[in-house]
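K.L.:
Sharing a structure with you now.
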Amino acid sequence: MLGEQNPLEEWKEIFGFGSEPVADADKYPSFDELLRKLQEVHQANIALLDSMSEKDLDTPSKACPPDYVDFFGTYRQCFQQVANHWLMHQGQVADARRTAGRKPLMA
């Protein structure tokens with residue numbers, strides 16, 4: 001959005017588009033490390049959002065790939081996708097739990 005380096009770039013190979021999950025836990029950061037980084041990035045996003053006006057949110061993204069303009073073309077759309085991202089993963093977890101024969105986390 002801002003044309004800066006992705007703060008999660010170091011994990012692109014294991015979590016990025018086209019990556020394939022593996023059953024070896026040693027290939028991944030620890031849960032504590034993931035949670036720490038998640039909280040750090042979340043707080044930075046909230047601080048950035050809080051610093052912006054409604055007009056700022058309609059600013060065109062600096063480094064949006066042409067094929068993704070409909071999703072990430074403005075700052076507002078980028079923040080919306082940050083929120084939507086959580087929902088996507090909740091669906092994935094629900095699918096994985098169902099496949100494993102487990103009950104939903106929330107009824």
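Simple scheme: letters A, B, ... for chains in structure tokens order, numbers from 1 for residues in each chain, numbers from 1 for ligands in the order shown.
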Within 10 Å of Asn45 in chain A, counting only C-alpha atoms, which residues show up once you throw out same-chain ones fewer than 6 positions away? Write them as a tab-separated table (two decimals) with N, CA and C atoms, in the first residue's frame, please.
P.N.:
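Heads up, here's the output in result03.tsv:
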chain	number	residue	atom	x	y	z
A	39	GLN	N	0.98	-9.59	16.35
A	39	GLN	CA	0.59	-8.46	17.20
A	39	GLN	C	1.34	-7.18	16.79
A	51	SER	N	-4.11	7.19	12.08
A	51	SER	CA	-3.46	8.45	11.68
A	51	SER	C	-4.07	9.05	10.40
A	79	PHE	N	-6.97	-1.80	3.80
A	79	PHE	CA	-7.40	-2.05	5.18
A	79	PHE	C	-8.59	-3.00	5.21
A	82	VAL	N	-7.26	-6.44	4.90
A	82	VAL	CA	-6.64	-6.89	6.15
A	82	VAL	C	-7.71	-7.52	7.04
K.L.:
Can you tell me which residues surround Gly3 in chain A at a distance of at most 10 Å, considering only C-alpha atoms, apart from same-chain residues fewer than 3 positions away, and format the answer as a list in words?
P.N.:
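Surrounding residues, per the criterion: Asn6, Ser61, Lys62, Ala63 and Cys64 of chain A.
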K.L.:
Kindly save the residues from that selection, with C-alpha atoms included, as a CSV table (one decimal), in the first residue's frame.
P.N.:
chain,number,residue,atom,x,y,z
A,6,ASN,CA,6.4,-6.2,3.4
A,61,SER,CA,-1.9,2.4,-3.3
A,62,LYS,CA,1.7,2.9,-4.2
A,63,ALA,CA,2.7,-0.6,-5.3
A,64,CYS,CA,-0.5,-2.4,-6.2
K.L.:
What does the structure give for the distance between CA of Tyr75 in chain A and CA of Glu33 in chain A, in Å to one decimal?
P.N.:
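Atom-to-atom, CA of Tyr75 in chain A and CA of Glu33 in chain A are spaced 27.7 Å apart.
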K.L.:
Using DSSP assignments from the backbone, pull out every residue in chain A that falls under alpha helix (DSSP H) and give it to me as a ChimeraX atom specification.
P.N.:
/A:12-15,31-50,54-57,69-72,75-99
K.L.:
Residues within 12 Å of Gln80 in chain A, please, as a ChimeraX atom specification. Count only C-alpha atoms; anything in the same chain fewer than 4 positions from it doesn't count.
P.N.:
/A:45,49,57,70-76,84-87
K.L.:
What does the distance between CA of Gln92 in chain A and CA of Pro104 in chain A come to in Å, to one decimal place?
P.N.:
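So the answer is 11.8 Å.
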K.L.:
Rank A:Pro65, A:Gly18, A:His89, A:Pro7 by their smallest atom-to-atom distance to Ala44 in chain A, using only C-alpha atoms, and report the top residue only.
P.N.:
A:Pro7
